[in-house]
Structure formats: structure tokens, C-alpha cells
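K.L.:
Take a look at my_file_3.cif, mmCIF, C-alpha atoms and all ligand atoms:
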data_protein
loop_
_atom_site.group_PDB
_atom_site.id
_atom_site.type_symbol
_atom_site.label_atom_id
_atom_site.label_comp_id
_atom_site.auth_asym_id
_atom_site.auth_seq_id
_atom_site.Cartn_x
_atom_site.Cartn_y
_atom_site.Cartn_z
ATOM 1 C CA MET A 1 -16.549 -16.093 36.716
ATOM 2 C CA CYS A 2 -16.655 -19.405 34.841
ATOM 3 C CA ASN A 3 -13.875 -20.642 32.605
ATOM 4 C CA PHE A 4 -14.264 -21.220 28.910
ATOM 5 C CA PHE A 5 -14.219 -24.939 28.123
ATOM 6 C CA ASP A 6 -12.684 -26.168 24.881
ATOM 7 C CA ILE A 7 -13.582 -29.853 24.830
ATOM 8 C CA HIS A 8 -11.612 -30.780 21.724
ATOM 9 C CA THR A 9 -8.420 -29.082 20.620
ATOM 10 C CA HIS A 10 -5.244 -30.162 18.865
ATOM 11 C CA PHE A 11 -3.548 -26.891 19.826
ATOM 12 C CA PRO A 12 -4.097 -26.093 23.498
ATOM 13 C CA THR A 13 -3.104 -22.547 24.340
ATOM 14 C CA GLY A 14 -2.600 -22.784 28.080
ATOM 15 C CA ASN A 15 -4.449 -19.460 28.339
ATOM 16 C CA ALA A 16 -5.725 -18.535 31.780
ATOM 17 C CA GLY A 17 -9.500 -18.712 31.904
ATOM 18 C CA VAL A 18 -9.713 -21.607 29.432
ATOM 19 C CA THR A 19 -9.971 -25.270 30.391
ATOM 20 C CA GLU A 20 -8.842 -27.367 27.447
ATOM 21 C CA LEU A 21 -9.066 -31.040 26.513
ATOM 22 C CA GLU A 22 -6.116 -31.744 24.270
ATOM 23 C CA ASN A 23 -6.745 -34.485 21.743
ATOM 24 C CA LEU A 24 -3.973 -37.052 21.415
ATOM 25 C CA ARG A 25 -3.561 -39.987 19.087
ATOM 26 C CA PHE A 26 -1.011 -42.775 18.981
ATOM 27 C CA GLY A 27 2.502 -41.360 18.665
ATOM 28 C CA GLN A 28 1.623 -37.925 20.004
ATOM 29 C CA VAL A 29 2.963 -36.493 23.210
ATOM 30 C CA ALA A 30 0.986 -34.053 25.353
ATOM 31 C CA SER A 31 1.943 -30.406 24.810
ATOM 32 C CA GLY A 32 2.084 -29.693 28.537
ATOM 33 C CA GLN A 33 -0.298 -26.728 28.109
ATOM 34 C CA THR A 34 -3.190 -28.494 29.845
ATOM 35 C CA LYS A 35 -3.579 -31.406 32.221
ATOM 36 C CA PHE A 36 -6.720 -32.719 30.514
ATOM 37 C CA CYS A 37 -6.861 -34.763 27.339
ATOM 38 C CA SER A 38 -8.728 -37.303 25.242
ATOM 39 C CA VAL A 39 -6.973 -40.282 23.674
ATOM 40 C CA GLY A 40 -8.193 -42.274 20.715
ATOM 41 C CA LEU A 41 -7.601 -44.201 17.517
ATOM 42 C CA HIS A 42 -8.373 -41.703 14.753
ATOM 43 C CA PRO A 43 -9.584 -43.375 11.532
ATOM 44 C CA TRP A 44 -7.228 -41.321 9.331
ATOM 45 C CA TYR A 45 -4.046 -42.645 10.887
ATOM 46 C CA LEU A 46 -4.778 -46.346 11.390
ATOM 47 C CA LYS A 47 -2.310 -48.870 10.020
ATOM 48 C CA ALA A 48 -3.146 -52.578 9.924
ATOM 49 C CA ASP A 49 0.393 -53.542 10.948
ATOM 50 C CA GLY A 50 0.427 -51.071 13.825
ATOM 51 C CA PHE A 51 -3.022 -51.836 15.189
ATOM 52 C CA ASP A 52 -1.850 -54.005 18.106
ATOM 53 C CA ALA A 53 0.547 -51.304 19.288
ATOM 54 C CA GLU A 54 -2.195 -48.672 18.979
ATOM 55 C CA LYS A 55 -4.599 -50.750 21.052
ATOM 56 C CA GLN A 56 -1.963 -51.310 23.703
ATOM 57 C CA TRP A 57 -1.205 -47.589 23.824
ATOM 58 C CA LEU A 58 -4.900 -46.794 24.209
ATOM 59 C CA ASP A 59 -5.276 -49.348 27.020
ATOM 60 C CA GLN A 60 -2.424 -47.737 28.931
ATOM 61 C CA GLN A 61 -3.432 -44.125 28.335
ATOM 62 C CA SER A 62 -7.156 -44.538 28.892
ATOM 63 C CA VAL A 63 -6.837 -45.197 32.622
ATOM 64 C CA LEU A 64 -4.633 -42.181 33.388
ATOM 65 C CA PRO A 65 -6.305 -39.578 35.616
ATOM 66 C CA GLY A 66 -5.921 -36.616 33.212
ATOM 67 C CA VAL A 67 -7.617 -38.556 30.425
ATOM 68 C CA CYS A 68 -11.212 -37.317 30.458
ATOM 69 C CA ALA A 69 -12.510 -38.978 27.299
ATOM 70 C CA ILE A 70 -11.795 -41.583 24.660
ATOM 71 C CA GLY A 71 -11.503 -40.260 21.089
ATOM 72 C CA GLU A 72 -11.469 -38.991 18.651
ATOM 73 C CA ALA A 73 -12.647 -42.260 17.238
ATOM 74 C CA GLY A 74 -15.145 -43.040 14.550
ATOM 75 C CA LEU A 75 -15.871 -43.700 10.918
ATOM 76 C CA ASP A 76 -14.910 -41.635 7.890
ATOM 77 C CA LYS A 77 -16.121 -42.461 4.380
ATOM 78 C CA VAL A 78 -13.816 -39.936 2.768
ATOM 79 C CA CYS A 79 -10.463 -41.239 4.041
ATOM 80 C CA ASP A 80 -8.381 -44.058 2.529
ATOM 81 C CA THR A 81 -8.229 -46.306 5.599
ATOM 82 C CA PRO A 82 -9.939 -49.662 4.855
ATOM 83 C CA TRP A 83 -13.459 -49.727 6.243
ATOM 84 C CA SER A 84 -12.931 -52.989 8.148
ATOM 85 C CA LEU A 85 -9.956 -51.485 9.989
ATOM 86 C CA GLN A 86 -11.909 -48.300 10.765
ATOM 87 C CA GLU A 87 -14.750 -50.361 12.188
ATOM 88 C CA ALA A 88 -12.455 -52.566 14.256
ATOM 89 C CA ALA A 89 -10.723 -49.511 15.728
ATOM 90 C CA PHE A 90 -13.998 -47.732 16.418
ATOM 91 C CA ARG A 91 -15.434 -50.777 18.173
ATOM 92 C CA TYR A 92 -12.252 -51.090 20.202
ATOM 93 C CA CYS A 93 -12.540 -47.470 21.322
ATOM 94 C CA ILE A 94 -16.190 -48.014 22.266
ATOM 95 C CA ASP A 95 -15.170 -50.992 24.416
ATOM 96 C CA VAL A 96 -12.433 -48.970 26.104
ATOM 97 C CA SER A 97 -14.827 -46.080 26.729
ATOM 98 C CA GLU A 98 -17.287 -48.454 28.390
ATOM 99 C CA THR A 99 -14.589 -50.235 30.409
ATOM 100 C CA VAL A 100 -12.942 -47.116 31.820
ATOM 101 C CA GLN A 101 -16.298 -45.286 32.006
ATOM 102 C CA LYS A 102 -15.228 -42.194 30.099
ATOM 103 C CA PRO A 103 -17.246 -40.545 27.306
ATOM 104 C CA LEU A 104 -16.508 -41.089 23.622
ATOM 105 C CA VAL A 105 -15.602 -38.205 21.292
ATOM 106 C CA ILE A 106 -16.630 -39.145 17.759
ATOM 107 C CA HIS A 107 -15.138 -38.208 14.419
ATOM 108 C CA CYS A 108 -17.781 -38.918 11.792
ATOM 109 C CA VAL A 109 -17.699 -38.131 8.090
ATOM 110 C CA ARG A 110 -20.652 -39.268 5.972
ATOM 111 C CA ALA A 111 -21.199 -42.243 8.251
ATOM 112 C CA TYR A 112 -23.883 -41.040 10.671
ATOM 113 C CA ASN A 113 -26.208 -43.952 9.960
ATOM 114 C CA GLU A 114 -23.417 -46.498 10.414
ATOM 115 C CA VAL A 115 -22.345 -44.971 13.744
ATOM 116 C CA ILE A 116 -25.936 -44.920 14.981
ATOM 117 C CA GLN A 117 -26.501 -48.541 13.921
ATOM 118 C CA ILE A 118 -23.453 -49.545 15.983
ATOM 119 C CA LYS A 119 -24.784 -47.505 18.920
ATOM 120 C CA LYS A 120 -28.192 -49.189 18.732
ATOM 121 C CA HIS A 121 -26.578 -52.632 18.866
ATOM 122 C CA ARG A 122 -23.932 -51.854 21.460
ATOM 123 C CA LYS A 123 -26.185 -49.808 23.775
ATOM 124 C CA PRO A 124 -23.282 -47.949 25.429
ATOM 125 C CA LYS A 125 -23.735 -46.379 28.850
ATOM 126 C CA GLN A 126 -21.151 -43.649 28.215
ATOM 127 C CA SER A 127 -22.028 -40.385 26.461
ATOM 128 C CA TRP A 128 -21.234 -40.134 22.759
ATOM 129 C CA ILE A 129 -20.225 -36.677 21.539
ATOM 130 C CA PHE A 130 -20.116 -35.907 17.819
ATOM 131 C CA HIS A 131 -17.317 -33.394 17.638
ATOM 132 C CA GLY A 132 -16.920 -30.689 14.991
ATOM 133 C CA PHE A 133 -20.603 -30.910 14.132
ATOM 134 C CA ASN A 134 -21.333 -28.839 11.021
ATOM 135 C CA LYS A 135 -24.271 -30.574 9.435
ATOM 136 C CA HIS A 136 -27.929 -29.864 8.758
ATOM 137 C CA PRO A 137 -30.355 -29.568 11.704
ATOM 138 C CA ASP A 138 -32.076 -32.777 10.517
ATOM 139 C CA THR A 139 -28.890 -34.751 11.135
ATOM 140 C CA ALA A 140 -28.544 -33.029 14.508
ATOM 141 C CA GLN A 141 -32.080 -34.037 15.456
ATOM 142 C CA MET A 142 -31.442 -37.642 14.411
ATOM 143 C CA LEU A 143 -28.342 -37.807 16.639
ATOM 144 C CA LEU A 144 -30.025 -36.041 19.559
ATOM 145 C CA LYS A 145 -32.947 -38.446 19.361
ATOM 146 C CA GLU A 146 -30.454 -41.282 19.845
ATOM 147 C CA GLY A 147 -29.189 -39.633 23.027
ATOM 148 C CA CYS A 148 -25.978 -38.231 21.548
ATOM 149 C CA PHE A 149 -24.288 -34.908 22.295
ATOM 150 C CA LEU A 150 -23.005 -32.421 19.716
ATOM 151 C CA SER A 151 -19.896 -30.283 19.868
ATOM 152 C CA PHE A 152 -19.799 -27.168 17.696
ATOM 153 C CA GLY A 153 -16.732 -25.318 16.502
ATOM 154 C CA ALA A 154 -15.417 -22.863 13.941
ATOM 155 C CA ALA A 155 -18.180 -23.715 11.444
ATOM 156 C CA LEU A 156 -20.480 -21.510 13.574
ATOM 157 C CA LEU A 157 -18.424 -18.528 12.470
ATOM 158 C CA LYS A 158 -18.945 -19.198 8.757
ATOM 159 C CA PRO A 159 -21.874 -17.288 7.285
ATOM 160 C CA GLY A 160 -24.684 -19.559 6.140
ATOM 161 C CA ASN A 161 -23.294 -22.718 7.761
ATOM 162 C CA HIS A 162 -26.000 -25.255 8.681
ATOM 163 C CA SER A 163 -24.554 -25.748 12.125
ATOM 164 C CA ALA A 164 -25.838 -22.360 13.372
ATOM 165 C CA GLU A 165 -29.432 -23.544 12.939
ATOM 166 C CA ALA A 166 -28.530 -26.942 14.411
ATOM 167 C CA LEU A 167 -27.074 -25.224 17.489
ATOM 168 C CA ILE A 168 -30.208 -23.119 17.963
ATOM 169 C CA GLN A 169 -32.332 -26.292 17.993
ATOM 170 C CA THR A 170 -30.107 -28.313 20.341
ATOM 171 C CA PRO A 171 -31.211 -28.555 23.999
ATOM 172 C CA VAL A 172 -28.905 -26.596 26.326
ATOM 173 C CA ASP A 173 -27.732 -29.701 28.143
ATOM 174 C CA ARG A 174 -26.714 -31.539 24.979
ATOM 175 C CA PHE A 175 -23.943 -29.475 23.410
ATOM 176 C CA PHE A 176 -20.337 -28.401 23.828
ATOM 177 C CA LEU A 177 -17.951 -25.995 22.099
ATOM 178 C CA GLU A 178 -14.475 -26.590 20.676
ATOM 179 C CA THR A 179 -11.685 -25.194 18.480
ATOM 180 C CA ASP A 180 -10.486 -28.557 17.048
ATOM 181 C CA ASP A 181 -7.505 -28.192 14.686
ATOM 182 C CA ASP A 182 -7.697 -24.486 13.867
ATOM 183 C CA PRO A 183 -4.983 -22.657 15.823
ATOM 184 C CA ASP A 184 -6.277 -19.264 14.630
ATOM 185 C CA VAL A 185 -9.728 -19.618 16.179
ATOM 186 C CA GLU A 186 -10.173 -18.695 19.815
ATOM 187 C CA ILE A 187 -12.674 -20.536 21.943
ATOM 188 C CA ALA A 188 -13.923 -17.135 23.194
ATOM 189 C CA ALA A 189 -14.987 -16.217 19.637
ATOM 190 C CA ILE A 190 -16.944 -19.466 19.314
ATOM 191 C CA TYR A 191 -18.625 -18.832 22.670
ATOM 192 C CA GLU A 192 -19.553 -15.293 21.629
ATOM 193 C CA GLN A 193 -21.106 -16.506 18.406
ATOM 194 C CA ALA A 194 -22.951 -19.335 20.182
ATOM 195 C CA ALA A 195 -24.317 -16.943 22.831
ATOM 196 C CA LEU A 196 -25.505 -14.597 20.084
ATOM 197 C CA LEU A 197 -27.216 -17.437 18.198
ATOM 198 C CA ARG A 198 -28.926 -18.722 21.346
ATOM 199 C CA GLY A 199 -29.907 -15.261 22.511
ATOM 200 C CA ILE A 200 -28.270 -15.571 25.935
ATOM 201 C CA SER A 201 -25.439 -13.724 27.627
ATOM 202 C CA LEU A 202 -21.859 -14.932 27.460
ATOM 203 C CA GLU A 203 -21.889 -15.523 31.224
ATOM 204 C CA GLN A 204 -25.046 -17.625 30.979
ATOM 205 C CA LEU A 205 -23.486 -19.710 28.235
ATOM 206 C CA LYS A 206 -20.279 -20.150 30.237
ATOM 207 C CA ARG A 207 -22.270 -21.419 33.195
ATOM 208 C CA LEU A 208 -24.212 -23.846 30.996
ATOM 209 C CA MET A 209 -21.067 -25.222 29.365
ATOM 210 C CA ALA A 210 -19.307 -25.580 32.712
ATOM 211 C CA GLU A 211 -22.244 -27.626 33.972
ATOM 212 C CA ASN A 212 -22.340 -29.807 30.823
ATOM 213 C CA VAL A 213 -18.595 -30.443 30.994
ATOM 214 C CA ARG A 214 -18.743 -31.279 34.693
ATOM 215 C CA LYS A 215 -21.560 -33.768 34.144
ATOM 216 C CA CYS A 216 -20.083 -35.425 31.078
ATOM 217 C CA PHE A 217 -16.296 -35.270 31.524
ATOM 218 C CA GLY A 218 -16.037 -34.838 35.272
ATOM 219 C CA VAL A 219 -13.800 -31.748 34.805
HETATM 220 ZN ZN ZN B 301 -9.979 -33.156 15.977
#
Could you spell out this file's structure in C-alpha cells?
Ligand SMILES: [Zn+2]

P.N.:
Amino acid sequence: MCNFFDIHTHFPTGNAGVTELENLRFGQVASGQTKFCSVGLHPWYLKADGFDAEKQWLDQQSVLPGVCAIGEAGLDKVCDTPWSLQEAAFRYCIDVSETVQKPLVIHCVRAYNEVIQIKKHRKPKQSWIFHGFNKHPDTAQMLLKEGCFLSFGAALLKPGNHSAEALIQTPVDRFFLETDDDPDVEIAAIYEQAALLRGISLEQLKRLMAENVRKCFGV
């Protein structure tokens, strides 16, 4: 039987049967519940006077064997961090992702066009995964067309959320599932909902996700 894979969580459970990628940012210490993590410069927490230390931290962490991805990193139009600092940090994370050859987990709020413009210029070789995707299927299609991956989470459980339709339209080899920052949501519940939406069995979905995670994160 395949494990569940939670590719982006801030609260790893350590539960048997679940493989978790714990997300860590500067200043955070791994919980010890899982050996896999992603490390990144999150736009919410950037400080101009701490940027050098953050970059140094990322350089050191990014090469460690348990680090499977860089992120979350990205652009957020709703947070207070100056745009220039957000962009500098995002570009730095992209460079690190390309250098260490690990995929990039993206936090994006109302900045899809800006992220895609950067992607078109930078032409990264690593996979880009938009985590916590909860937008309209049109946005999903735009990102998929650019070769990106989508990771769906608790929004799938909310009645009427756009992301259910987006999930249905996403090719099987282009999506992941996650719990993100909600400690009350179990990855198994997200899998069950996703399997229902896609009209496949839970076991089929587990096999598909295991294959996607292996290919993208090497886990
Ligand atoms: Zn997160």
C-alpha cells in the first residue's frame, strides 16, 4: 500500500503511512517529525536588514540531503513587504533552486502574471509548484500551459470552491496534495475528496501521487 504524501505542511504529524515535507523558513527549526523538508524565503517575513543572513541560511540549508525543495518563495500583493524586496528574494530562491537542482514551491497571491513573466525570462529547468492553489480553472490552465504544477489543499473541502473544478481539469501528472498551515485538516481527508472529484479510487490516487512525488522531489 502506498503512503499518503503531504508535499507542503507547517505542522507535520509524524503519522505512520504519511510522508511529509515540512516547510521551514529562516529562524525555524525542524520539528523532528519528518526527515523531509523544503526551505525558502517567504515573502511575508522578509526584512531588508536581515536579507543577507536569510540568503546565507538558505545557501547552507538548500544543499542538505533531507531538503527536497526550495520554498515557499514567491510574490504576494496583499502583504506589506516592499515589492522590490519580495522580487529580490524570489529571484534568489529561483537561483538556488536551479543551482542545487531542487524544485521550487511557490507562494503566490494576486501575482500570477508577474511570476509567469519571471519564469518566461528565467527559463528555469526545475519544476515550479504553485502550492495552496485555490483559484479559478482559467488561472490553473494558464499556469499548466506554462509547464507549472499545482498543489491543492484544504480549499477542496470547502463547498463551491473554484479549486475543485481546477483539480478535475488538471492532468494527473501535474498535481500534488497538501495540508499547508491547517493543523486540523488531515491529508487523508484531502486525498479522499480529490479521489471523489476525479472519480478514481483512493488507492489509484495514492499511486499517482507517489509517482508524481518521486519524479519531482525524488522522495
Ligand atoms: Zn505554507

K.L.:
Have a look at CA of Val39 in chain A and CA of Val63 in chain A and let me know their distance in Å, one decimal.

P.N.:
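Straight-line distance from CA of Val39 in chain A to CA of Val63 in chain A works out to 10.2 Å.
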
K.L.:
Select from chain A every residue with an atom at most 12 Å from any atom of ligand ZN 301 (chain B), then for each give the shortest pair of atoms and their distance in Å to one decimal, using all atoms listed in the file, rows by chain and rising number, as a tab-separated table.

P.N.:
residue	atom	partner	partner_atom	distance
A:Asp6	CA	B:ZN301	ZN	11.6
A:Ile7	CA	B:ZN301	ZN	10.1
A:His8	CA	B:ZN301	ZN	6.4
A:Thr9	CA	B:ZN301	ZN	6.4
A:His10	CA	B:ZN301	ZN	6.3
A:Phe11	CA	B:ZN301	ZN	9.8
A:Pro12	CA	B:ZN301	ZN	11.9
A:Leu21	CA	B:ZN301	ZN	10.8
A:Glu22	CA	B:ZN301	ZN	9.3
A:Asn23	CA	B:ZN301	ZN	6.7
A:Leu24	CA	B:ZN301	ZN	9.0
A:Arg25	CA	B:ZN301	ZN	9.9
A:Cys37	CA	B:ZN301	ZN	11.9
A:Ser38	CA	B:ZN301	ZN	10.2
A:Val39	CA	B:ZN301	ZN	10.9
A:Gly40	CA	B:ZN301	ZN	10.4
A:Leu41	CA	B:ZN301	ZN	11.4
A:His42	CA	B:ZN301	ZN	8.8
A:Pro43	CA	B:ZN301	ZN	11.2
A:Trp44	CA	B:ZN301	ZN	10.9
A:Gly71	CA	B:ZN301	ZN	8.9
A:Glu72	CA	B:ZN301	ZN	6.6
A:Ala73	CA	B:ZN301	ZN	9.6
A:Gly74	CA	B:ZN301	ZN	11.2
A:Val105	CA	B:ZN301	ZN	9.2
A:Ile106	CA	B:ZN301	ZN	9.1
A:His107	CA	B:ZN301	ZN	7.4
A:Cys108	CA	B:ZN301	ZN	10.6
A:Phe130	CA	B:ZN301	ZN	10.7
A:His131	CA	B:ZN301	ZN	7.5
A:Gly132	CA	B:ZN301	ZN	7.4
A:Phe133	CA	B:ZN301	ZN	11.0
A:Ser151	CA	B:ZN301	ZN	11.0
A:Phe152	CA	B:ZN301	ZN	11.6
A:Gly153	CA	B:ZN301	ZN	10.4
A:Ala154	CA	B:ZN301	ZN	11.8
A:Glu178	CA	B:ZN301	ZN	9.2
A:Thr179	CA	B:ZN301	ZN	8.5
A:Asp180	CA	B:ZN301	ZN	4.7
A:Asp181	CA	B:ZN301	ZN	5.7
A:Asp182	CA	B:ZN301	ZN	9.2
A:Pro183	CA	B:ZN301	ZN	11.6

K.L.:
Which of these residues is nearest to Ala140 in chain A, using only C-alpha atoms: A:Ala164, A:Val185, A:Ile118, A:Leu104?

P.N.:
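Looking at the shortest contact to Ala140 in chain A, the residue is A:Ala164.
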
K.L.:
Give the centre and edge lengths of an axis-aligned box, in Å to one decimal, that holds all listed atoms of range 173-184 of chain A with 4 Å on each side, as lines of an AutoDock Vina configuration file.

P.N.:
center_x = -16.4
center_y = -25.4
center_z = 21.0
size_x = 30.7
size_y = 20.3
size_z = 22.3

K.L.:
Return the single residue from A:Trp57, A:Phe176, A:Phe51, A:Tyr112 that is closest to Asn212 in chain A, with distances computed using all atoms listed in the file.

P.N.:
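Of A:Trp57, A:Phe176, A:Phe51, A:Tyr112, the one nearest Asn212 in chain A is A:Phe176, counting all atoms listed in the file.
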
K.L.:
For a test of reading the model, state the distance in Å between CA of Leu64 in chain A and CA of Arg91 in chain A, rounded to one decimal.

P.N.:
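Rounded to one decimal, the two atoms are 20.5 Å apart.
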
K.L.:
Rounded to one decimal, what separation in Å do you get between CA of Phe149 in chain A and CA of His136 in chain A?

P.N.:
14.9 Å
